[in-house]
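S.K.: Below is the file run29.cif, with mmCIF, C-alpha atoms and all ligand atoms.
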```cif
data_structure
loop_
_atom_site.label_atom_id
_atom_site.label_comp_id
_atom_site.auth_asym_id
_atom_site.auth_seq_id
_atom_site.Cartn_x
_atom_site.Cartn_y
_atom_site.Cartn_z
CA MET L 1106 0.00 0.00 0.00
CA PRO L 1107 1.27 3.54 -0.72
CA ASP L 1108 3.04 5.45 2.10
CA ASN L 1109 0.32 8.02 2.54
CA PHE L 1110 -2.47 5.44 2.85
CA LYS L 1111 -4.83 6.17 5.73
CA MET L 1112 -7.22 3.55 7.07
CA THR L 1113 -10.15 4.61 9.25
CA ILE L 1114 -12.21 2.11 11.21
CA VAL L 1115 -15.56 3.25 12.58
CA GLY L 1116 -17.25 1.53 15.54
CA ARG L 1117 -15.90 0.05 18.76
CA GLY L 1118 -18.19 -2.98 18.95
CA THR L 1119 -16.52 -6.37 18.62
CA ALA L 1120 -16.33 -5.99 14.82
CA GLY L 1121 -14.62 -2.58 15.12
CA CYS L 1122 -12.23 -3.92 17.78
CA LEU L 1123 -11.20 -6.90 15.66
CA SER L 1124 -10.87 -4.76 12.53
CA THR L 1125 -8.62 -2.23 14.28
CA MET L 1126 -6.43 -5.05 15.57
CA PHE L 1127 -6.40 -6.66 12.15
CA PHE L 1128 -5.29 -3.59 10.19
CA ARG L 1129 -2.82 -2.39 12.81
CA TYR L 1130 -1.15 -5.78 12.83
CA HIS L 1131 -1.21 -6.50 9.10
CA CYS L 1132 -0.43 -3.06 7.68
CA PRO L 1133 2.97 -1.38 7.71
CA GLU L 1134 3.84 0.55 10.91
CA HIS L 1135 4.01 3.88 9.06
CA MET L 1136 0.47 3.53 7.73
CA GLU L 1137 -1.98 5.75 9.56
CA VAL L 1138 -4.75 3.90 11.39
CA GLU L 1139 -7.56 5.98 12.82
CA TRP L 1140 -10.31 4.50 15.01
CA ILE L 1141 -13.53 6.50 15.41
CA TYR L 1142 -16.52 5.62 17.54
CA ASP L 1143 -19.46 7.45 19.03
CA SER L 1144 -19.56 6.94 22.80
CA ASN L 1145 -23.26 7.93 22.80
CA THR L 1146 -24.17 4.94 20.61
CA PRO L 1147 -23.85 1.76 22.68
CA THR L 1148 -22.26 -1.39 21.31
CA THR L 1149 -24.06 -4.73 21.01
CA LEU L 1150 -23.05 -6.89 23.97
CA VAL L 1151 -23.64 -10.29 22.40
CA GLY L 1152 -21.31 -12.29 20.17
CA GLU L 1153 -19.27 -14.05 22.80
CA GLY L 1154 -18.29 -17.31 21.10
CA THR L 1155 -15.65 -17.57 18.36
CA ASP L 1156 -14.35 -20.10 15.90
CA LEU L 1157 -10.64 -20.87 15.52
CA SER L 1158 -9.62 -17.76 13.58
CA ILE L 1159 -9.90 -15.22 16.40
CA PRO L 1160 -7.29 -16.51 18.93
CA ASN L 1161 -4.70 -16.40 16.17
CA LEU L 1162 -5.39 -12.72 15.48
CA LEU L 1163 -5.39 -11.87 19.19
CA ASN L 1164 -2.07 -13.60 19.67
CA GLN L 1165 -0.50 -11.72 16.75
CA ALA L 1166 -2.03 -8.33 17.50
CA THR L 1167 -2.09 -8.14 21.31
CA ARG L 1168 0.33 -10.72 22.66
CA TRP L 1169 -2.21 -11.42 25.40
CA HIS L 1170 -1.73 -14.67 27.27
CA TRP L 1171 -4.40 -16.96 28.67
CA ASP L 1172 -4.15 -15.35 32.11
CA ASP L 1173 -4.70 -11.87 30.60
CA PHE L 1174 -7.71 -13.24 28.81
CA ALA L 1175 -9.07 -14.92 31.96
CA LYS L 1176 -8.86 -11.54 33.74
CA MET L 1177 -11.29 -10.28 31.07
CA ASN L 1178 -13.61 -13.16 32.13
CA GLY L 1179 -12.79 -15.10 28.95
CA THR L 1180 -12.38 -18.87 28.63
CA SER L 1181 -11.08 -21.19 25.94
CA LYS L 1182 -13.52 -23.14 23.77
CA ILE L 1183 -12.63 -26.71 22.87
CA GLY L 1184 -15.69 -27.30 20.69
CA ILE L 1185 -19.49 -27.25 20.58
CA TRP L 1186 -21.70 -29.54 22.62
CA LYS L 1187 -24.60 -30.56 20.37
CA GLU L 1188 -27.76 -31.97 21.90
CA ASN L 1189 -30.99 -33.17 20.22
CA PHE L 1190 -29.69 -32.50 16.71
CA GLY L 1191 -30.35 -35.11 14.02
CA LYS L 1192 -31.67 -38.60 14.54
CA ASN L 1193 -29.02 -39.61 17.07
CA PRO L 1194 -30.53 -39.15 20.54
CA GLU L 1195 -27.07 -39.07 22.15
CA PRO L 1196 -25.51 -35.64 22.71
CA PHE L 1197 -22.00 -35.27 21.32
CA LEU L 1198 -19.06 -32.89 21.53
CA HIS L 1199 -18.06 -31.52 18.15
CA ALA L 1200 -14.49 -31.10 19.36
CA PHE L 1201 -11.81 -29.01 17.69
CA ASN L 1202 -8.48 -30.65 16.91
CA MET L 1203 -5.94 -30.71 19.73
CA GLY L 1204 -3.69 -27.66 19.79
CA VAL L 1205 -6.33 -25.21 18.58
CA THR L 1206 -9.20 -23.58 20.44
CA GLY L 1207 -11.83 -20.96 19.95
CA LEU L 1208 -12.73 -18.42 22.64
CA HIS L 1209 -15.59 -17.41 24.86
CA LEU L 1210 -15.26 -13.70 25.50
CA ASP L 1211 -17.03 -11.23 27.75
CA SER L 1212 -17.82 -8.73 24.98
CA SER L 1213 -18.01 -5.76 27.34
CA LYS L 1214 -14.64 -6.42 29.00
CA PHE L 1215 -13.08 -7.41 25.69
CA GLN L 1216 -14.13 -4.17 23.99
CA GLU L 1217 -12.90 -2.08 26.96
CA LYS L 1218 -9.50 -3.79 26.93
CA VAL L 1219 -9.00 -3.42 23.17
CA LEU L 1220 -9.88 0.28 23.36
CA GLU L 1221 -7.54 0.81 26.32
CA GLN L 1222 -4.71 -0.91 24.46
CA ALA L 1223 -5.38 1.04 21.23
CA LYS L 1224 -5.19 4.34 23.12
CA GLU L 1225 -1.70 3.36 24.31
CA THR L 1226 -0.53 2.31 20.83
CA PRO L 1227 1.40 5.22 19.28
CA ASN L 1228 0.35 4.62 15.69
CA ILE L 1229 -3.40 4.35 16.31
CA THR L 1230 -5.40 7.57 16.70
CA VAL L 1231 -8.61 7.04 18.68
CA ILE L 1232 -11.38 9.63 18.24
CA ASP L 1233 -14.77 9.83 19.95
CA LYS L 1234 -17.23 11.47 17.56
CA LYS L 1235 -20.38 10.70 15.63
CA ILE L 1236 -19.93 10.37 11.88
CA GLU L 1237 -22.82 11.59 9.76
CA ASP L 1238 -21.68 10.14 6.44
CA PRO L 1239 -18.80 7.66 5.96
CA GLU L 1240 -18.03 9.24 2.58
CA ASP L 1241 -17.05 12.46 4.39
CA ILE L 1242 -14.25 10.78 6.34
CA ASP L 1243 -10.83 11.98 5.30
CA ALA L 1244 -9.26 8.57 4.68
CA THR L 1245 -8.07 6.45 1.78
CA HIS L 1246 -10.27 3.61 2.97
CA VAL L 1247 -12.97 3.23 5.63
CA ILE L 1248 -14.01 0.02 7.37
CA TRP L 1249 -17.49 0.85 8.64
CA CYS L 1250 -18.47 -1.26 11.68
CA GLY L 1251 -21.33 1.01 12.71
CA GLY L 1252 -23.68 -1.79 13.81
CA THR L 1253 -27.09 -2.96 12.62
CA PRO L 1254 -28.56 -0.76 9.87
CA LYS L 1255 -31.82 1.01 10.68
CA GLU L 1256 -33.41 -0.09 7.41
CA PHE L 1257 -32.84 -2.89 4.90
CA PRO L 1258 -33.76 -1.55 1.44
CA GLU L 1259 -34.17 -4.38 -1.09
CA GLU L 1260 -31.68 -2.90 -3.52
CA GLU L 1261 -28.93 -2.99 -0.87
CA PHE L 1262 -29.69 -6.09 1.24
CA THR L 1263 -30.53 -9.75 0.73
CA THR L 1264 -32.81 -11.31 3.34
CA ILE L 1265 -31.68 -14.81 4.35
CA ASP L 1266 -34.79 -16.90 3.80
CA SER L 1267 -33.26 -20.21 4.82
CA ILE L 1268 -33.02 -19.07 8.46
CA ALA L 1269 -36.32 -19.11 10.29
CA LEU L 1270 -35.19 -17.67 13.64
CA ASN L 1271 -35.63 -13.98 14.40
CA ALA L 1272 -35.58 -13.49 18.18
CA THR L 1273 -33.63 -14.36 21.29
CA TYR L 1274 -34.16 -14.51 25.04
CA ILE L 1275 -30.89 -14.30 26.98
CA THR L 1276 -30.41 -15.08 30.69
CA GLN L 1277 -27.16 -14.61 32.59
CA CYS L 1278 -26.47 -17.43 35.06
CA PHE L 1279 -23.72 -16.50 37.49
CA TRP L 1280 -21.35 -19.08 38.96
CA ASP L 1281 -18.07 -19.19 40.92
CA LYS L 1282 -16.06 -20.78 38.14
CA PRO L 1283 -16.68 -22.20 34.66
CA GLN L 1284 -18.36 -25.61 34.72
CA PHE L 1285 -17.47 -26.62 31.15
CA ASN L 1286 -15.17 -25.40 28.35
CA TYR L 1287 -17.30 -25.75 25.23
CA THR L 1288 -20.24 -23.85 23.79
CA LEU L 1289 -23.66 -25.44 24.29
CA ALA L 1290 -25.97 -25.82 21.28
CA ILE L 1291 -29.16 -27.57 22.41
CA ALA L 1292 -32.05 -28.09 20.00
CA ARG L 1293 -35.38 -27.36 21.73
CA PRO L 1294 -39.01 -27.63 20.60
CA TRP L 1295 -39.12 -23.91 19.62
CA GLY L 1296 -35.60 -23.34 18.33
CA TRP L 1297 -32.25 -23.90 19.99
CA VAL L 1298 -30.37 -22.72 23.08
CA PHE L 1299 -26.77 -21.55 23.19
CA GLY L 1300 -24.64 -21.56 26.33
CA ILE L 1301 -21.43 -19.51 26.54
CA PRO L 1302 -19.36 -20.29 29.66
CA LEU L 1303 -17.31 -17.35 30.97
CA GLN L 1304 -15.28 -17.18 34.18
CA HIS L 1305 -18.06 -15.61 36.24
CA ARG L 1306 -21.26 -16.41 34.33
CA CYS L 1307 -22.85 -18.59 31.68
CA SER L 1308 -24.87 -16.78 29.05
CA ILE L 1309 -27.90 -18.84 28.03
CA GLY L 1310 -29.72 -17.66 24.89
CA TYR L 1311 -32.88 -19.20 23.45
CA MET L 1312 -33.04 -18.59 19.69
CA TYR L 1313 -36.61 -18.80 18.34
CA ASN L 1314 -39.16 -17.32 15.94
CA LYS L 1315 -41.26 -14.62 17.64
CA ASP L 1316 -43.96 -14.89 14.94
CA ILE L 1317 -44.55 -18.53 15.88
CA THR L 1318 -43.80 -18.77 19.61
CA PRO L 1319 -44.71 -16.24 22.32
CA LEU L 1320 -41.92 -15.25 24.73
CA ASP L 1321 -43.80 -16.73 27.73
CA ILE L 1322 -43.46 -20.23 26.24
CA ILE L 1323 -39.74 -19.66 25.67
CA LYS L 1324 -39.26 -18.49 29.26
CA GLU L 1325 -40.93 -21.68 30.48
CA ASP L 1326 -39.10 -24.05 28.12
CA VAL L 1327 -35.61 -22.71 28.90
CA LYS L 1328 -36.06 -23.74 32.55
CA GLU L 1329 -35.40 -27.35 31.47
CA VAL L 1330 -31.95 -26.27 30.25
CA PHE L 1331 -31.18 -24.48 33.53
CA ASP L 1332 -32.17 -27.61 35.46
CA ALA L 1333 -30.30 -30.05 33.22
CA TRP L 1334 -27.05 -28.05 33.48
CA GLY L 1335 -27.40 -27.03 37.14
CA LEU L 1336 -27.49 -23.32 36.28
CA THR L 1337 -29.01 -20.59 38.44
CA PRO L 1338 -30.82 -18.02 36.30
CA SER L 1339 -30.50 -14.38 37.42
CA ASP L 1340 -32.79 -11.41 36.78
CA ASN L 1341 -30.25 -10.19 34.23
CA THR L 1342 -32.22 -11.07 31.10
CA ASN L 1343 -32.64 -9.55 27.66
CA ALA L 1344 -35.09 -10.25 24.85
CA PHE L 1345 -34.85 -8.79 21.36
CA SER L 1346 -35.55 -9.58 17.73
CA PHE L 1347 -33.21 -9.47 14.73
CA ASN L 1348 -33.09 -9.86 10.96
CA ASN L 1349 -30.88 -12.28 9.03
CA TYR L 1350 -29.37 -10.37 6.10
CA ARG L 1351 -26.32 -9.53 4.10
CA ARG L 1352 -25.35 -6.68 1.83
CA LYS L 1353 -25.45 -7.22 -1.91
CA GLU L 1354 -22.26 -5.15 -2.21
CA PHE L 1355 -20.02 -4.99 0.85
CA ARG L 1356 -17.78 -2.38 -0.73
CA ASN L 1357 -19.07 0.97 -1.92
CA GLY L 1358 -16.34 3.30 -3.17
CA LYS L 1359 -13.86 3.80 -0.36
CA VAL L 1360 -16.17 2.29 2.29
CA THR L 1361 -16.31 -1.41 3.24
CA TYR L 1362 -19.17 -2.49 5.50
CA ASN L 1363 -18.23 -5.01 8.14
CA GLY L 1364 -19.79 -6.63 11.25
CA ASN L 1365 -23.51 -6.15 11.74
CA SER L 1366 -23.50 -3.26 9.28
CA GLY L 1367 -22.63 -5.76 6.54
CA PHE L 1368 -24.31 -9.01 7.53
CA PHE L 1369 -26.08 -10.90 10.27
CA TYR L 1370 -26.78 -14.61 10.54
CA GLU L 1371 -28.15 -16.22 13.66
CA PRO L 1372 -25.25 -17.45 15.81
CA MET L 1373 -25.41 -21.21 15.15
CA GLU L 1374 -21.70 -22.22 14.83
CA ALA L 1375 -20.59 -18.69 15.93
CA THR L 1376 -19.64 -17.58 12.43
CA SER L 1377 -20.04 -13.77 12.73
CA LEU L 1378 -16.63 -12.84 14.07
CA HIS L 1379 -14.99 -15.15 11.55
CA GLY L 1380 -16.95 -13.24 8.89
CA VAL L 1381 -15.46 -9.98 10.19
CA ILE L 1382 -11.92 -11.32 9.71
CA ALA L 1383 -12.76 -12.75 6.28
CA ILE L 1384 -14.02 -9.37 5.05
CA ASN L 1385 -10.90 -7.66 6.38
CA GLN L 1386 -8.63 -10.19 4.69
CA ARG L 1387 -10.40 -9.75 1.36
CA SER L 1388 -10.34 -5.95 1.74
CA MET L 1389 -6.63 -6.00 2.41
CA ASP L 1390 -5.96 -8.14 -0.66
CA PHE L 1391 -8.05 -5.76 -2.73
CA LEU L 1392 -6.29 -2.67 -1.37
CA ARG L 1393 -2.91 -4.26 -2.08
CA GLY L 1394 -4.02 -4.91 -5.65
CA ILE L 1395 -4.21 -8.68 -5.21
CA ASN L 1396 -7.31 -9.10 -7.29
CA THR L 1397 -8.45 -12.65 -6.74
CA PRO L 1398 -12.11 -13.57 -7.22
CA HIS L 1399 -12.27 -13.59 -3.40
CA SER L 1400 -10.96 -10.07 -2.99
CA LEU L 1401 -13.08 -8.63 -5.78
CA ASN L 1402 -16.32 -10.29 -4.89
CA MET L 1403 -15.85 -10.93 -1.23
CA THR L 1404 -19.29 -11.94 -0.29
CA ASP L 1405 -20.78 -14.62 -2.45
CA GLU L 1406 -18.80 -17.78 -1.93
CA PHE L 1407 -17.88 -17.18 1.70
CA PHE L 1408 -21.34 -16.18 2.88
CA ASP L 1409 -23.09 -18.86 0.80
CA GLY L 1410 -20.92 -21.34 2.72
CA ILE L 1411 -21.96 -19.90 6.08
CA GLU L 1412 -25.59 -19.84 5.05
CA LEU L 1413 -25.44 -23.47 3.98
CA LEU L 1414 -23.65 -24.48 7.20
CA ILE L 1415 -26.45 -22.93 9.26
CA ALA L 1416 -29.24 -24.18 6.99
CA MET L 1417 -27.94 -27.75 7.36
CA HIS L 1418 -29.08 -27.66 11.00
CA TYR L 1419 -32.68 -27.24 9.85
CA PRO L 1420 -34.37 -29.59 7.35
CA VAL L 1421 -36.62 -26.77 6.13
CA GLY L 1422 -33.68 -24.39 5.98
CA ILE L 1423 -31.66 -26.58 3.66
CA ILE L 1424 -34.60 -27.00 1.25
CA THR L 1425 -35.09 -23.21 1.22
CA PHE L 1426 -31.36 -22.67 0.68
CA PHE L 1427 -31.26 -24.87 -2.44
CA PHE L 1428 -34.55 -23.51 -3.73
CA TYR L 1429 -33.33 -19.92 -3.32
CA HIS L 1430 -29.89 -20.46 -4.85
CA PHE L 1431 -30.60 -22.94 -7.63
CA SER L 1432 -34.15 -22.38 -8.83
C1 LIG L 1501 -28.23 -13.55 20.37
C2 LIG L 1501 -26.98 -13.35 19.59
C3 LIG L 1501 -25.87 -14.13 19.85
C4 LIG L 1501 -24.70 -13.97 19.11
N1 LIG L 1501 -23.67 -14.79 19.35
C5 LIG L 1501 -22.57 -14.72 18.58
C6 LIG L 1501 -21.47 -15.59 18.80
O1 LIG L 1501 -21.49 -16.41 19.72
N2 LIG L 1501 -20.40 -15.47 18.01
C7 LIG L 1501 -20.32 -14.54 17.01
O2 LIG L 1501 -19.33 -14.50 16.29
N3 LIG L 1501 -21.33 -13.66 16.82
C8 LIG L 1501 -22.44 -13.74 17.56
N4 LIG L 1501 -23.45 -12.84 17.37
C9 LIG L 1501 -23.23 -11.76 16.42
C10 LIG L 1501 -22.77 -10.48 17.13
O3 LIG L 1501 -23.90 -9.71 17.39
C11 LIG L 1501 -21.87 -9.62 16.28
O4 LIG L 1501 -20.78 -10.36 15.83
C12 LIG L 1501 -21.27 -8.45 17.07
O5 LIG L 1501 -22.20 -7.92 17.95
C13 LIG L 1501 -20.76 -7.38 16.13
O6 LIG L 1501 -21.32 -6.12 16.39
P1 LIG L 1501 -20.74 -4.84 15.63
O7 LIG L 1501 -19.39 -4.54 16.16
O8 LIG L 1501 -20.91 -5.04 14.17
O9 LIG L 1501 -21.76 -3.67 16.02
P2 LIG L 1501 -22.07 -2.92 17.45
O10 LIG L 1501 -21.56 -3.73 18.58
O11 LIG L 1501 -23.48 -2.58 17.38
O12 LIG L 1501 -21.14 -1.65 17.37
C14 LIG L 1501 -21.46 -0.51 16.62
C15 LIG L 1501 -20.43 0.56 16.91
O13 LIG L 1501 -20.55 1.59 15.93
C16 LIG L 1501 -20.52 2.87 16.56
N5 LIG L 1501 -21.29 3.77 15.73
C17 LIG L 1501 -22.53 3.57 15.24
N6 LIG L 1501 -22.92 4.63 14.49
C18 LIG L 1501 -21.87 5.50 14.52
C19 LIG L 1501 -21.65 6.79 13.93
N7 LIG L 1501 -22.58 7.36 13.17
N8 LIG L 1501 -20.46 7.40 14.16
C20 LIG L 1501 -19.51 6.82 14.92
N9 LIG L 1501 -19.67 5.61 15.51
C21 LIG L 1501 -20.83 4.98 15.30
C22 LIG L 1501 -21.11 2.64 17.94
O14 LIG L 1501 -20.67 3.62 18.84
C23 LIG L 1501 -20.56 1.25 18.26
O15 LIG L 1501 -19.29 1.41 18.83
C24 LIG L 1501 -24.63 -12.99 18.10
C25 LIG L 1501 -25.73 -12.17 17.88
C26 LIG L 1501 -26.91 -12.36 18.59
C27 LIG L 1501 -28.10 -11.49 18.29
#
```
Mind converting the file's structure to structure tokens?
M.R.:
Amino acid sequence: MPDNFKMTIVGRGTAGCLSTMFFRYHCPEHMEVEWIYDSNTPTTLVGEGTDLSIPNLLNQATRWHWDDFAKMNGTSKIGIWKENFGKNPEPFLHAFNMGVTGLHLDSSKFQEKVLEQAKETPNITVIDKKIEDPEDIDATHVIWCGGTPKEFPEEEFTTIDSIALNATYITQCFWDKPQFNYTLAIARPWGWVFGIPLQHRCSIGYMYNKDITPLDIIKEDVKEVFDAWGLTPSDNTNAFSFNNYRRKEFRNGKVTYNGNSGFFYEPMEATSLHGVIAINQRSMDFLRGINTPHSLNMTDEFFDGIELLIAMHYPVGIITFFFYHFS
């Protein structure tokens, strides 16, 4: 990249944090990296499980060790515990290979720590201000991680029809120490339940369709999960709905949309943060003039793969996926 290249990242949610780390680590020291966020717009405090790509980046970019990470309430993730999926009635651990792990991170603590570290890094400029239009930013390239768009116009976004879930009910269950070191994925009558074990709490989220099942039924059904795993639910709960979508074009002029501003798929298999890294890798190739099909059209193949991976968990989803893509 040319000497006077300036990269600006907007947003300090998990996508903005990972993008800042990514570009600071992978771009030459002399390249200007600016990180802008609006402290009056809160970040989204979900997204606490990762695949295998994130620890690698954290190791390269931060040099944190496991004990640093544990102080941020994080734990390692050796795989995903699958229950009630498929015809096999036995639960099973979809374990990662030995020597590699994913992470469970406390998104609030994680974001605070990355910001603190960035402020101490001489060649990152951190600015707290609200941006009205990304095009107005004085930068060669902008990675916009501004969070979930307010609207999803058809000409800009594709709705993911193969995913039927659109709401979640999350309960924090506090404990003295982690009781397991894998993510839970438990199929339930109305959707599925994730469990993310952190040092001080386990986050239990029931993913369901609010147009089919009322929240009261979900609140009742999730009690079976608390009982089965010996968890004590607290009053710290959160219920909200979401859309599953992706942008038709992730890059528009000098702006690349990343994180929730670019795509959102329900968190089965924890693919979102991996998607953030994939977009950054493809952007960097593009900016360096490495014009592979991946770097030019960064969305199609990668996100089709993620969509198929998620759809395969649902018989109806997989039929919809093939109908949508091949009819
Ligand atoms: C129930 C649930 C569970 C999930 N679990 C997982 C999981 O286990 N693993 C996973 O990988 N993903 C998961 N996700 C996905 C997760 O939500 C996202 O990966 C993550 O939250 C990324 O958020 P973000 O950084 O894009 O946006 P946000 O966290 O919303 O951050 C937006 C940032 O942009 C800033 N901003 C916004 N507008 C402006 C402006 N105009 N000017 C300046 N700054 C601005 C804000 O200040 C903020 O800092 C889950 C999602 C849900 C709903």
S.K.: Rounded to one decimal, what separation in Å do you get between atom CA of L:Met1106 and atom N9 of ligand LIG 1501 (chain L)?
M.R.: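 A separation of 25.7 Å between them.
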S.K.: Using 12 Å as the limit and counting only C-alpha atoms, can you tabulate each residue of stretch 1191-1254 of chain L that touches stretch 1140-1148 of chain L, with its shortest atom-to-atom distance in Å and the two atoms involved, as a Markdown table?
M.R.:
```
| residue | atom | partner | partner_atom | distance |
| --- | --- | --- | --- | --- |
| L:Ser1212 | CA | L:Thr1148 | CA | 9.3 |
| L:Ser1213 | CA | L:Thr1148 | CA | 8.6 |
| L:Lys1214 | CA | L:Thr1148 | CA | 11.9 |
| L:Phe1215 | CA | L:Thr1148 | CA | 11.8 |
| L:Gln1216 | CA | L:Thr1148 | CA | 9.0 |
| L:Glu1217 | CA | L:Thr1148 | CA | 11.0 |
| L:Val1219 | CA | L:Trp1140 | CA | 11.4 |
| L:Leu1220 | CA | L:Trp1140 | CA | 9.4 |
| L:Ala1223 | CA | L:Trp1140 | CA | 8.7 |
| L:Lys1224 | CA | L:Trp1140 | CA | 9.6 |
| L:Thr1226 | CA | L:Trp1140 | CA | 11.6 |
| L:Asn1228 | CA | L:Trp1140 | CA | 10.7 |
| L:Ile1229 | CA | L:Trp1140 | CA | 7.0 |
| L:Thr1230 | CA | L:Trp1140 | CA | 6.0 |
| L:Val1231 | CA | L:Trp1140 | CA | 4.8 |
| L:Ile1232 | CA | L:Ile1141 | CA | 4.7 |
| L:Asp1233 | CA | L:Tyr1142 | CA | 5.2 |
| L:Lys1234 | CA | L:Asp1143 | CA | 4.8 |
| L:Lys1235 | CA | L:Asp1143 | CA | 4.8 |
| L:Ile1236 | CA | L:Asp1143 | CA | 7.7 |
| L:Glu1237 | CA | L:Asp1143 | CA | 10.7 |
| L:Pro1239 | CA | L:Ile1141 | CA | 10.9 |
| L:Ile1242 | CA | L:Ile1141 | CA | 10.1 |
| L:Asp1243 | CA | L:Ile1141 | CA | 11.8 |
| L:Ala1244 | CA | L:Trp1140 | CA | 11.2 |
| L:Val1247 | CA | L:Trp1140 | CA | 9.8 |
| L:Ile1248 | CA | L:Trp1140 | CA | 9.6 |
| L:Trp1249 | CA | L:Ile1141 | CA | 9.7 |
| L:Cys1250 | CA | L:Tyr1142 | CA | 9.2 |
| L:Gly1251 | CA | L:Tyr1142 | CA | 8.2 |
| L:Gly1252 | CA | L:Thr1148 | CA | 7.6 |
| L:Thr1253 | CA | L:Thr1148 | CA | 10.1 |
```
S.K.: Which one of L:Glu1153, L:Asp1405, L:Glu1195, L:Glu1412 sits closest to ligand LIG 1501 (chain L) if you count only C-alpha atoms and all ligand atoms?
M.R.: L:Glu1153
S.K.: Can you work out which one of L:Ile1317, L:Leu1414, L:Val1381, L:Ala1375 has the shortest atom-to-atom distance to ligand LIG 1501 (chain L), counting all atoms listed in the file?
M.R.: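 Selected residue with least distance to ligand LIG 1501 (chain L): L:Ala1375.
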S.K.: Using all atoms listed in the file, find the one residue out of L:Ala1269, L:Ile1411, L:Ala1416, L:Leu1392 that sits nearest to L:Met1112.
M.R.: L:Leu1392
S.K.: Set the distance at 8 Å and use all atoms listed in the file: which residues neighbour L:Lys1111 once local chain neighbours fewer than 2 positions away are removed? I'd like the list as JSON, numbers by chain.
M.R.: {"L": [1109, 1113, 1136, 1137, 1138, 1139, 1244, 1245, 1246]}
S.K.: Kindly indicate which residue among L:His1199, L:Lys1192, L:His1135, L:His1209 lies nearest to L:Leu1378, using all atoms listed in the file for the distances.
M.R.: L:His1209
S.K.: Work out how far apart atom C11 of ligand LIG 1501 (chain L) and atom CA of L:Ser1366 are and give it in Å to one decimal.
M.R.: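 We find that atom C11 of ligand LIG 1501 (chain L) and atom CA of L:Ser1366 lie 9.6 Å from each other.
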S.K.: Rank nothing, just name the residue among L:Ile1265, L:Pro1227, L:Gln1277, L:Phe1428 nearest to L:Glu1134, using only C-alpha atoms.
M.R.: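 Answer, going by the shortest atom-to-atom distance: L:Pro1227.
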S.K.: Identify which of the residues L:Thr1276, L:Tyr1350, L:Ile1159, L:Ser1181 lies closest to L:Phe1257, counting only C-alpha atoms when measuring atom-to-atom distances.
M.R.: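 Ranking L:Thr1276, L:Tyr1350, L:Ile1159, L:Ser1181 by distance to L:Phe1257, first place goes to L:Tyr1350.
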S.K.: Please compute the atom CA of L:Val1327-atom CA of L:Leu1413 distance, one decimal, in Å.
M.R.: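 Straight-line distance from atom CA of L:Val1327 to atom CA of L:Leu1413 works out to 26.9 Å.
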S.K.: Compile the contact shell of L:Phe1299 as a list in words: residues with an atom at most 10 Å away, counting all atoms listed in the file, same-chain residues fewer than 3 positions apart removed.
M.R.: Gly1154, Ile1185, Trp1186, Lys1187, Ile1275, Thr1288, Leu1289, Ala1290, Ile1291, Ala1292, Pro1302, Cys1307, Ser1308, Ile1309, Gly1310, Tyr1311, Met1312, Val1330, Pro1372, Met1373, Glu1374 and Ala1375 of chain L
S.K.: Residues at most 9 Å from L:Leu1157, counting only C-alpha atoms, excluding those fewer than 5 positions away in the same chain, as a count of residues only?
M.R.: 6
S.K.: Identify the residues around (-13.9, -19.4, 31.6) within a radius of 12 Å, measuring from only C-alpha atoms in the coordinates stated by the file, and give them as an mmCIF file with C-alpha atoms, keeping the file's coordinate frame.
M.R.:
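Written out: point-v5.cif:
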```
data_model
loop_
_atom_site.group_PDB
_atom_site.id
_atom_site.type_symbol
_atom_site.label_atom_id
_atom_site.label_comp_id
_atom_site.auth_asym_id
_atom_site.auth_seq_id
_atom_site.Cartn_x
_atom_site.Cartn_y
_atom_site.Cartn_z
ATOM 1 C CA GLU L 1153 -19.270 -14.050 22.800
ATOM 2 C CA GLY L 1154 -18.290 -17.310 21.100
ATOM 3 C CA TRP L 1171 -4.400 -16.960 28.670
ATOM 4 C CA ASP L 1172 -4.150 -15.350 32.110
ATOM 5 C CA ASP L 1173 -4.700 -11.870 30.600
ATOM 6 C CA PHE L 1174 -7.710 -13.240 28.810
ATOM 7 C CA ALA L 1175 -9.070 -14.920 31.960
ATOM 8 C CA LYS L 1176 -8.860 -11.540 33.740
ATOM 9 C CA MET L 1177 -11.290 -10.280 31.070
ATOM 10 C CA ASN L 1178 -13.610 -13.160 32.130
ATOM 11 C CA GLY L 1179 -12.790 -15.100 28.950
ATOM 12 C CA THR L 1180 -12.380 -18.870 28.630
ATOM 13 C CA SER L 1181 -11.080 -21.190 25.940
ATOM 14 C CA LYS L 1182 -13.520 -23.140 23.770
ATOM 15 C CA ILE L 1183 -12.630 -26.710 22.870
ATOM 16 C CA GLY L 1207 -11.830 -20.960 19.950
ATOM 17 C CA LEU L 1208 -12.730 -18.420 22.640
ATOM 18 C CA HIS L 1209 -15.590 -17.410 24.860
ATOM 19 C CA LEU L 1210 -15.260 -13.700 25.500
ATOM 20 C CA ASP L 1211 -17.030 -11.230 27.750
ATOM 21 C CA PHE L 1279 -23.720 -16.500 37.490
ATOM 22 C CA TRP L 1280 -21.350 -19.080 38.960
ATOM 23 C CA ASP L 1281 -18.070 -19.190 40.920
ATOM 24 C CA LYS L 1282 -16.060 -20.780 38.140
ATOM 25 C CA PRO L 1283 -16.680 -22.200 34.660
ATOM 26 C CA GLN L 1284 -18.360 -25.610 34.720
ATOM 27 C CA PHE L 1285 -17.470 -26.620 31.150
ATOM 28 C CA ASN L 1286 -15.170 -25.400 28.350
ATOM 29 C CA TYR L 1287 -17.300 -25.750 25.230
ATOM 30 C CA THR L 1288 -20.240 -23.850 23.790
ATOM 31 C CA ILE L 1301 -21.430 -19.510 26.540
ATOM 32 C CA PRO L 1302 -19.360 -20.290 29.660
ATOM 33 C CA LEU L 1303 -17.310 -17.350 30.970
ATOM 34 C CA GLN L 1304 -15.280 -17.180 34.180
ATOM 35 C CA HIS L 1305 -18.060 -15.610 36.240
ATOM 36 C CA ARG L 1306 -21.260 -16.410 34.330
ATOM 37 C CA CYS L 1307 -22.850 -18.590 31.680
ATOM 38 C CA SER L 1308 -24.870 -16.780 29.050
#
```
